[in-house]
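One structure below.
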Amino acid sequence: MSLTLRTISRQQHLAYIQSLPAASHMQVPAWADVKAEWRSENLGWFDKTGQMVGAGLVLYRQLPKIKRYLAYLPEGPVINWYAPNLEDWLQPMLDHLKKQGAFSVKMGPPVVIRRWGADAIKKGIADPDAKRLRDVEPTFIEPRAFEVADKLRRMGWQQGEDGGAGFGDVQPRYVFQVPLQNRSLEDVHKGFNQLWRRNIKKAEKAGVEVVQGGYEDLPTWQHLYEITAERDKFRPRPLSYFQRMWTALNTEDPNRMRLYFAIHEGEAVAAATMLIVGGHVWYSYGASANHKREVRPSNAMQWRMLRDAYALGASVYDLRGIGDSLDESDHLFGLIQFKVGTGGQAAEYLGEWDFPLNKLLHKALDIYMSRR
């Protein structure tokens, strides 16, 4: 199968994404506007009949002081990863990116390698010998994903430094998802653990109301998000980032990004952003106040978002990143504990892969990044 690759317009790229059941929100053309500090390019793969069969959003970050770039395809490209001739897809991409001045390419194949159901994870948490998700027998293994990894290695791609322990990659390697396909809402609710069901009821009894907000409510979101950042010790993104995200994504598709608030006694006590691409819906950022936690606003909000995702016909509700540690003293353990209560499943992706087009500059970048 001979494939050609060329730069395409944003319109072509968007039309291709819209023809698919789903794709990562980081591979829609508007994501380039969210990441305004990177230069971007839209790539299309064409078969010999001239039909477009794949697409990729490339972000270029310039190396300090020289005209060479790191080319990054977050959670992409959107191609047939299980094609027997994977090289025919990736080689033209590498040749093209090299011509564009890239010294190194980073990509994140959207390929799931293993899944663990909620019961398997709970057993793992209870087992003193299980320190990480990998120590727990997976509920599902995708053999084709191992073949993809082998092919990439043979082509000279290198796996992200940490071998994928949790948040080491630029995008989380482990995520938590609630499958919605072929399930009733009642099934989904039944899948929640007792604590979740109790907390949803508690919030209802306390009069917590969940509402959707708009662009004008982003400062309220930001206030809660900064409280959360201080509490959880991470560096918050500025308000301008979320304003840009809202404008860029919703200009491309008016239903791409949503904002939710849990309101108690007239006050917003929790908030979240939601992203939608085809049948894939993500809970992307969450925030909550330090007080009124006892009225369980976060559970109420998640349940509303899940129901809305279901109403949109989503096949999966994705709660995004988790760490892979099952150790209760780990700072990311609370995340997996909260998300596992939804009765969904942990999924492990192939992680991010690098191709050094210029080994010397690639090494220099590694050193520069490790010092930051």
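In the structure tokens, the first chain shown is A, the next is B, and so on; residue numbers restart at 1 for each chain, and ligands run from 1 in the order shown.
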DSSP strand (DSSP E or B) selection over stretch 102-328 of chain A, as JSON, numbers by chain: {"A": [102, 103, 104, 105, 106, 107, 112, 113, 114, 115, 116, 117, 132, 140, 141, 158, 159, 174, 175, 176, 177, 178, 179, 209, 210, 211, 212, 213, 257, 258, 259, 260, 261, 262, 263, 264, 267, 268, 269, 270, 271, 272, 273, 274, 275, 276, 277, 280, 281, 282, 283, 284, 285, 286, 287, 288, 316, 317, 318, 319, 320, 321, 325]}
Can you write out as CSV which residues of stretch 117-229 of chain A fall within 9 Å of stretch 78-101 of chain A, alongside each residue's closest atom pair and its distance in Å to one decimal, counting only C-alpha atoms and ordering rows by chain and ascending residue number?
```
residue,atom,partner,partner_atom,distance
A:Arg144,CA,A:Tyr82,CA,6.9
A:Ala145,CA,A:Tyr82,CA,7.9
A:Glu147,CA,A:Tyr82,CA,8.4
A:Val148,CA,A:Tyr82,CA,6.8
A:Lys151,CA,A:Leu86,CA,7.5
A:Leu152,CA,A:Leu86,CA,8.4
A:Met155,CA,A:Glu87,CA,7.4
```
Go ahead and dump the residues you just picked, all heavy atoms, as an mmCIF file, in the first residue's frame.
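The result, written out as again36.cif:
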```cif
data_model
loop_
_atom_site.group_PDB
_atom_site.id
_atom_site.type_symbol
_atom_site.label_atom_id
_atom_site.label_comp_id
_atom_site.auth_asym_id
_atom_site.auth_seq_id
_atom_site.Cartn_x
_atom_site.Cartn_y
_atom_site.Cartn_z
ATOM 1 N N ARG A 144 -2.307 -6.938 19.897
ATOM 2 C CA ARG A 144 -1.838 -6.149 18.746
ATOM 3 C C ARG A 144 -1.015 -4.941 19.193
ATOM 4 O O ARG A 144 -0.148 -4.469 18.460
ATOM 5 C CB ARG A 144 -3.026 -5.681 17.890
ATOM 6 C CG ARG A 144 -3.768 -6.835 17.223
ATOM 7 C CD ARG A 144 -4.925 -6.320 16.389
ATOM 8 N NE ARG A 144 -5.842 -5.484 17.161
ATOM 9 C CZ ARG A 144 -6.812 -4.742 16.608
ATOM 10 N NH1 ARG A 144 -6.979 -4.726 15.302
ATOM 11 N NH2 ARG A 144 -7.609 -4.014 17.363
ATOM 12 N N ALA A 145 -1.284 -4.454 20.413
ATOM 13 C CA ALA A 145 -0.544 -3.289 20.913
ATOM 14 C C ALA A 145 0.935 -3.634 21.118
ATOM 15 O O ALA A 145 1.814 -2.807 20.876
ATOM 16 C CB ALA A 145 -1.157 -2.797 22.222
ATOM 17 N N GLU A 147 2.569 -5.761 19.343
ATOM 18 C CA GLU A 147 3.146 -5.795 17.989
ATOM 19 C C GLU A 147 3.502 -4.383 17.529
ATOM 20 O O GLU A 147 4.546 -4.167 16.912
ATOM 21 C CB GLU A 147 2.156 -6.422 17.003
ATOM 22 C CG GLU A 147 2.004 -7.918 17.172
ATOM 23 C CD GLU A 147 0.819 -8.478 16.395
ATOM 24 O OE1 GLU A 147 0.448 -7.895 15.349
ATOM 25 O OE2 GLU A 147 0.259 -9.502 16.836
ATOM 26 N N VAL A 148 2.616 -3.425 17.843
ATOM 27 C CA VAL A 148 2.880 -2.025 17.475
ATOM 28 C C VAL A 148 4.181 -1.569 18.153
ATOM 29 O O VAL A 148 5.059 -0.991 17.512
ATOM 30 C CB VAL A 148 1.706 -1.096 17.871
ATOM 31 C CG1 VAL A 148 2.063 0.371 17.637
ATOM 32 C CG2 VAL A 148 0.442 -1.457 17.082
ATOM 33 N N LYS A 151 7.219 -3.083 16.472
ATOM 34 C CA LYS A 151 7.489 -2.443 15.170
ATOM 35 C C LYS A 151 8.167 -1.089 15.374
ATOM 36 O O LYS A 151 9.113 -0.749 14.661
ATOM 37 C CB LYS A 151 6.187 -2.250 14.384
ATOM 38 C CG LYS A 151 5.660 -3.528 13.759
ATOM 39 C CD LYS A 151 4.332 -3.249 13.058
ATOM 40 C CE LYS A 151 3.690 -4.536 12.592
ATOM 41 N NZ LYS A 151 2.296 -4.344 12.187
ATOM 42 N N LEU A 152 7.672 -0.319 16.344
ATOM 43 C CA LEU A 152 8.251 1.009 16.597
ATOM 44 C C LEU A 152 9.715 0.881 17.000
ATOM 45 O O LEU A 152 10.575 1.607 16.512
ATOM 46 C CB LEU A 152 7.452 1.748 17.679
ATOM 47 C CG LEU A 152 6.033 2.191 17.285
ATOM 48 C CD1 LEU A 152 5.321 2.797 18.486
ATOM 49 C CD2 LEU A 152 6.065 3.195 16.135
ATOM 50 N N MET A 155 11.919 0.164 14.134
ATOM 51 C CA MET A 155 12.090 1.325 13.246
ATOM 52 C C MET A 155 13.032 2.371 13.852
ATOM 53 O O MET A 155 13.355 3.359 13.209
ATOM 54 C CB MET A 155 10.737 2.014 13.019
ATOM 55 C CG MET A 155 9.869 1.365 11.975
ATOM 56 S SD MET A 155 8.306 2.330 11.898
ATOM 57 C CE MET A 155 7.128 1.032 12.075
#
```
Selection near stretch 187-200 of chain A, 12 Å with only C-alpha atoms, sequence-local residues under 4 positions removed, as an NGL selection string: :A and (117-119 or 122 or 177-183 or 204-210 or 262 or 293-304 or 306-307 or 309-310 or 316-317 or 337-345)
Selection export as a short mmCIF file (atom, residue, chain, number, x, y, z; two decimals), in the first residue's frame, atoms kept: N, CA and C atoms:
```cif
data_model
loop_
_atom_site.label_atom_id
_atom_site.label_comp_id
_atom_site.auth_asym_id
_atom_site.auth_seq_id
_atom_site.Cartn_x
_atom_site.Cartn_y
_atom_site.Cartn_z
N GLY A 117 -10.30 -3.79 35.25
CA GLY A 117 -11.62 -3.45 35.76
C GLY A 117 -11.53 -2.99 37.20
N ALA A 118 -12.60 -2.34 37.68
CA ALA A 118 -12.62 -1.80 39.05
C ALA A 118 -12.35 -2.89 40.10
N ASP A 119 -12.92 -4.09 39.88
CA ASP A 119 -12.74 -5.17 40.87
C ASP A 119 -11.29 -5.61 40.96
N LYS A 122 -9.37 -2.98 42.90
CA LYS A 122 -9.66 -3.06 44.35
C LYS A 122 -8.89 -4.21 44.99
N GLN A 177 -11.36 5.20 32.63
CA GLN A 177 -12.48 5.40 31.72
C GLN A 177 -13.72 4.63 32.18
N VAL A 178 -14.88 5.25 31.96
CA VAL A 178 -16.15 4.57 32.22
C VAL A 178 -16.77 4.25 30.87
N PRO A 179 -16.84 2.96 30.49
CA PRO A 179 -17.44 2.62 29.21
C PRO A 179 -18.96 2.84 29.26
N LEU A 180 -19.52 3.44 28.21
CA LEU A 180 -20.96 3.72 28.17
C LEU A 180 -21.68 2.93 27.08
N GLN A 181 -20.92 2.41 26.14
CA GLN A 181 -21.54 1.70 25.01
C GLN A 181 -22.28 0.45 25.48
N ASN A 182 -23.48 0.25 24.92
CA ASN A 182 -24.29 -0.93 25.24
C ASN A 182 -24.59 -1.08 26.73
N ARG A 183 -24.64 0.05 27.44
CA ARG A 183 -25.02 0.01 28.86
C ARG A 183 -26.14 1.02 29.07
N GLU A 204 -27.55 15.36 46.75
CA GLU A 204 -28.94 15.65 46.36
C GLU A 204 -29.74 16.15 47.56
N LYS A 205 -29.59 15.43 48.67
CA LYS A 205 -30.30 15.79 49.91
C LYS A 205 -29.91 17.18 50.40
N ALA A 206 -28.61 17.50 50.24
CA ALA A 206 -28.11 18.79 50.73
C ALA A 206 -28.50 19.94 49.79
N GLY A 207 -29.09 19.59 48.65
CA GLY A 207 -29.53 20.63 47.71
C GLY A 207 -28.43 21.12 46.77
N VAL A 208 -27.42 20.28 46.51
CA VAL A 208 -26.37 20.66 45.55
C VAL A 208 -26.98 20.61 44.14
N GLU A 209 -26.76 21.68 43.41
CA GLU A 209 -27.29 21.77 42.06
C GLU A 209 -26.12 21.84 41.09
N VAL A 210 -26.18 21.12 39.99
CA VAL A 210 -25.10 21.18 39.01
C VAL A 210 -25.60 21.92 37.77
N ALA A 262 -20.81 22.92 40.51
CA ALA A 262 -21.70 22.39 41.55
C ALA A 262 -21.97 23.56 42.50
N ARG A 293 -17.04 20.39 51.67
CA ARG A 293 -16.72 19.11 51.03
C ARG A 293 -17.71 18.03 51.48
N GLU A 294 -18.28 18.25 52.67
CA GLU A 294 -19.20 17.24 53.22
C GLU A 294 -20.49 17.11 52.42
N VAL A 295 -20.80 18.13 51.57
CA VAL A 295 -22.02 18.00 50.75
C VAL A 295 -21.72 17.30 49.41
N ARG A 296 -20.51 16.83 49.26
CA ARG A 296 -20.09 15.99 48.13
C ARG A 296 -20.37 16.59 46.74
N PRO A 297 -19.94 17.83 46.51
CA PRO A 297 -20.22 18.46 45.22
C PRO A 297 -19.55 17.76 44.04
N SER A 298 -18.34 17.20 44.26
CA SER A 298 -17.61 16.58 43.15
C SER A 298 -18.31 15.33 42.62
N ASN A 299 -18.88 14.53 43.55
CA ASN A 299 -19.62 13.34 43.10
C ASN A 299 -20.86 13.73 42.30
N ALA A 300 -21.55 14.76 42.81
CA ALA A 300 -22.77 15.22 42.12
C ALA A 300 -22.43 15.70 40.71
N MET A 301 -21.33 16.43 40.61
CA MET A 301 -20.92 17.00 39.32
C MET A 301 -20.53 15.91 38.33
N GLN A 302 -19.76 14.92 38.81
CA GLN A 302 -19.36 13.82 37.93
C GLN A 302 -20.58 13.04 37.42
N TRP A 303 -21.54 12.83 38.29
CA TRP A 303 -22.73 12.08 37.90
C TRP A 303 -23.51 12.84 36.83
N ARG A 304 -23.60 14.16 36.99
CA ARG A 304 -24.29 14.98 35.99
C ARG A 304 -23.51 14.94 34.65
N LEU A 306 -21.47 12.64 33.57
CA LEU A 306 -21.62 11.30 33.01
C LEU A 306 -22.97 11.15 32.30
N ARG A 307 -24.01 11.66 32.95
CA ARG A 307 -25.36 11.57 32.33
C ARG A 307 -25.42 12.39 31.05
N ALA A 309 -22.86 13.09 29.10
CA ALA A 309 -22.05 12.37 28.11
C ALA A 309 -22.89 11.25 27.50
N TYR A 310 -23.64 10.58 28.36
CA TYR A 310 -24.51 9.49 27.91
C TYR A 310 -25.58 10.01 26.95
N VAL A 316 -17.64 6.46 25.59
CA VAL A 316 -16.76 6.39 26.76
C VAL A 316 -16.71 7.75 27.46
N TYR A 317 -16.70 7.70 28.80
CA TYR A 317 -16.49 8.90 29.61
C TYR A 317 -15.12 8.73 30.24
N GLN A 337 -8.21 6.14 43.72
CA GLN A 337 -9.24 5.73 44.68
C GLN A 337 -10.59 6.39 44.36
N PHE A 338 -10.54 7.70 44.04
CA PHE A 338 -11.76 8.44 43.70
C PHE A 338 -12.36 7.90 42.40
N LYS A 339 -11.51 7.70 41.40
CA LYS A 339 -12.01 7.31 40.08
C LYS A 339 -12.49 5.86 40.01
N VAL A 340 -11.84 4.99 40.80
CA VAL A 340 -12.22 3.58 40.78
C VAL A 340 -13.65 3.39 41.30
N GLY A 341 -14.10 4.35 42.12
CA GLY A 341 -15.47 4.30 42.66
C GLY A 341 -16.55 4.39 41.60
N THR A 342 -16.17 4.84 40.39
CA THR A 342 -17.16 4.94 39.30
C THR A 342 -17.44 3.58 38.67
N GLY A 343 -16.66 2.57 39.07
CA GLY A 343 -16.86 1.24 38.49
C GLY A 343 -16.31 1.10 37.08
N GLY A 344 -15.51 2.07 36.64
CA GLY A 344 -14.95 2.01 35.29
C GLY A 344 -13.70 1.14 35.25
N GLN A 345 -12.80 1.48 34.35
CA GLN A 345 -11.59 0.68 34.21
C GLN A 345 -10.37 1.56 33.97
#
```
Would you pick out the contacts of A:Ile121 at 9 Å or less, using only C-alpha atoms, so that residues sharing its chain but fewer than 4 positions from it are not included, and give the list as a CSV table (one decimal) with N, CA and C atoms, in the first residue's frame?
```csv
chain,number,residue,atom,x,y,z
A,116,TRP,N,-7.7,-2.7,33.3
A,116,TRP,CA,-8.0,-3.3,34.6
A,116,TRP,C,-9.4,-2.9,35.0
A,117,GLY,N,-10.3,-3.8,35.2
A,117,GLY,CA,-11.6,-3.5,35.8
A,117,GLY,C,-11.5,-3.0,37.2
A,125,ILE,N,-5.3,-3.2,45.3
A,125,ILE,CA,-5.1,-2.2,46.5
A,125,ILE,C,-5.0,-3.0,47.8
A,126,ALA,N,-5.9,-4.1,47.9
A,126,ALA,CA,-5.9,-4.8,49.1
A,126,ALA,C,-4.7,-5.8,49.3
A,133,LEU,N,0.0,-0.9,39.3
A,133,LEU,CA,-1.0,-1.5,38.5
A,133,LEU,C,-0.5,-2.7,37.7
A,136,VAL,N,-0.8,-6.2,39.0
A,136,VAL,CA,-2.1,-6.8,39.1
A,136,VAL,C,-2.5,-7.4,37.7
A,138,PRO,N,-4.2,-8.0,34.5
A,138,PRO,CA,-5.1,-7.2,33.8
A,138,PRO,C,-6.4,-7.9,33.4
A,326,LEU,N,-0.3,1.8,43.6
A,326,LEU,CA,-1.4,1.3,44.5
A,326,LEU,C,-1.1,1.5,46.0
A,340,VAL,N,-11.8,5.0,40.8
A,340,VAL,CA,-12.2,3.6,40.8
A,340,VAL,C,-13.6,3.4,41.3
A,345,GLN,N,-12.8,1.5,34.4
A,345,GLN,CA,-11.6,0.7,34.2
A,345,GLN,C,-10.4,1.6,34.0
A,346,ALA,N,-9.2,1.1,34.5
A,346,ALA,CA,-8.0,1.8,34.2
A,346,ALA,C,-7.5,1.3,32.8
```
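Counting only C-alpha atoms and comparing A:Trp282, A:Gln12, A:Lys131, A:Leu259, the residue that lies closest to A:Asp327 is A:Lys131.
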In stretch 201-346 of chain A, DSSP helix (DSSP H, G or I) residues written as a PyMOL selection string: chain A and resi 201-205+215-232+239-252+293-295+297-311+333-340
Tell me which protein, DNA and RNA residues are within 9 Å of A:Leu224, counting only C-alpha atoms, leaving out same-chain ones fewer than 3 positions away, and put them as a short mmCIF file (atom, residue, chain, number, x, y, z; two decimals) with N, CA, C and O atoms, in the first residue's frame.
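Generated output (around_21.cif):
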```cif
data_model
loop_
_atom_site.label_atom_id
_atom_site.label_comp_id
_atom_site.auth_asym_id
_atom_site.auth_seq_id
_atom_site.Cartn_x
_atom_site.Cartn_y
_atom_site.Cartn_z
N PRO A 219 -13.76 33.19 35.13
CA PRO A 219 -13.10 33.70 36.34
C PRO A 219 -13.53 32.96 37.62
O PRO A 219 -12.71 32.74 38.52
N THR A 220 -14.80 32.55 37.70
CA THR A 220 -15.28 31.77 38.86
C THR A 220 -14.57 30.41 38.88
O THR A 220 -14.14 29.92 39.93
N TRP A 221 -14.46 29.81 37.70
CA TRP A 221 -13.72 28.56 37.56
C TRP A 221 -12.29 28.73 38.06
O TRP A 221 -11.77 27.95 38.84
N ILE A 227 -7.45 27.65 44.11
CA ILE A 227 -7.55 27.11 45.48
C ILE A 227 -7.09 25.65 45.46
O ILE A 227 -6.33 25.19 46.32
N THR A 228 -7.52 24.91 44.43
CA THR A 228 -7.16 23.49 44.29
C THR A 228 -5.65 23.34 44.07
O THR A 228 -5.02 22.45 44.65
N ALA A 229 -5.08 24.23 43.24
CA ALA A 229 -3.64 24.16 42.94
C ALA A 229 -2.82 24.36 44.21
O ALA A 229 -1.82 23.65 44.44
N ALA A 268 -20.64 28.56 44.16
CA ALA A 268 -19.97 27.51 43.38
C ALA A 268 -18.89 26.88 44.26
O ALA A 268 -17.96 27.55 44.69
N VAL A 269 -19.04 25.58 44.55
CA VAL A 269 -18.08 24.91 45.44
C VAL A 269 -17.23 23.85 44.71
O VAL A 269 -16.26 23.33 45.27
N ALA A 270 -17.58 23.54 43.46
CA ALA A 270 -16.75 22.64 42.64
C ALA A 270 -17.00 22.99 41.19
O ALA A 270 -18.06 23.53 40.84
N ALA A 271 -16.02 22.72 40.34
CA ALA A 271 -16.16 23.04 38.92
C ALA A 271 -15.33 22.06 38.10
O ALA A 271 -14.38 21.45 38.61
N GLY A 286 -10.44 19.63 36.90
CA GLY A 286 -11.41 19.71 38.00
C GLY A 286 -10.92 20.65 39.09
O GLY A 286 -9.71 20.86 39.23
N ALA A 287 -11.84 21.21 39.84
CA ALA A 287 -11.47 22.14 40.93
C ALA A 287 -12.54 22.09 42.01
O ALA A 287 -13.71 21.81 41.72
N SER A 288 -12.13 22.37 43.25
CA SER A 288 -13.12 22.42 44.33
C SER A 288 -12.64 23.31 45.46
O SER A 288 -11.44 23.52 45.65
N ALA A 289 -13.60 23.84 46.20
CA ALA A 289 -13.29 24.72 47.34
C ALA A 289 -12.77 23.88 48.50
O ALA A 289 -12.91 22.65 48.51
N ASN A 290 -12.21 24.55 49.49
CA ASN A 290 -11.72 23.83 50.68
C ASN A 290 -12.84 23.55 51.68
O ASN A 290 -12.68 22.71 52.56
#
```
Distance in Å - atom CA of A:Tyr285 versus atom CA of A:Leu319: 9.3 Å
Who sits within 7 Å of A:Gln222, only C-alpha atoms, same chain under 4 positions skipped, as a VMD selection string: chain A and resid 218 226 239
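Note that atom CA of A:Gln243 and atom CA of A:Phe261 are 16.4 Å apart.
Nearest to A:Val111 of all the residues A:Arg173, A:Lys67, A:Arg244, A:Arg153 is A:Arg173, counting only C-alpha atoms.
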Env of stretch 38-40 of chain A: 10 Å cut, atoms = only C-alpha atoms, seq-sep filter 4 positions within chain, self excluded. Answer as a PDB file with C-alpha atoms, in the first residue's frame.
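Dumped to around.pdb:
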```
ATOM      1  CA  PRO A  29      -7.056  21.443  14.404  1.00  0.00           C
ATOM      2  CA  TRP A  31      -5.766  22.434  19.601  1.00  0.00           C
ATOM      3  CA  ALA A  32      -3.038  24.349  17.736  1.00  0.00           C
ATOM      4  CA  ASP A  33      -4.727  27.619  18.843  1.00  0.00           C
ATOM      5  CA  VAL A  34      -4.799  26.409  22.448  1.00  0.00           C
ATOM      6  CA  LEU A  57      -1.630  17.746  14.199  1.00  0.00           C
ATOM      7  CA  VAL A  58       2.068  18.539  14.617  1.00  0.00           C
ATOM      8  CA  LEU A  59       3.242  21.136  17.128  1.00  0.00           C
ATOM      9  CA  TYR A  60       6.734  22.563  16.616  1.00  0.00           C
ATOM     10  CA  ARG A  61       8.723  23.950  19.544  1.00  0.00           C
ATOM     11  CA  GLN A  62      11.939  25.785  18.675  1.00  0.00           C
ATOM     12  CA  TYR A  69      12.468  22.130  16.249  1.00  0.00           C
ATOM     13  CA  LEU A  70      11.017  19.423  18.421  1.00  0.00           C
ATOM     14  CA  ALA A  71       7.995  18.083  16.483  1.00  0.00           C
ATOM     15  CA  TYR A  72       5.250  16.786  18.782  1.00  0.00           C
ATOM     16  CA  LEU A  73       2.059  14.906  17.901  1.00  0.00           C
TER      17      LEU A  73
END
```
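Between atom CA of A:Pro110 and atom CA of A:Gln27 the separation is 10.5 Å.
Distance check against A:Phe333 using only C-alpha atoms: of A:Arg115, A:Arg132, A:Arg154, A:Arg320, the minimum falls on A:Arg132.
Minimum atom-to-atom distances from A:Gly56, A:Gly334, A:Pro64, A:Pro128 to A:Gly108 were compared using only C-alpha atoms, and the lowest value belongs to A:Gly56.
Closest to A:Ala22 among A:Asn42, A:Ser315, A:Gln159, A:Thr273 is A:Ser315, based on only C-alpha atoms.
Using only C-alpha atoms for every distance, the candidate list A:Asp127, A:Arg6, A:Ile141, A:Tyr241 yields A:Ile141 as the residue closest to A:Arg114.
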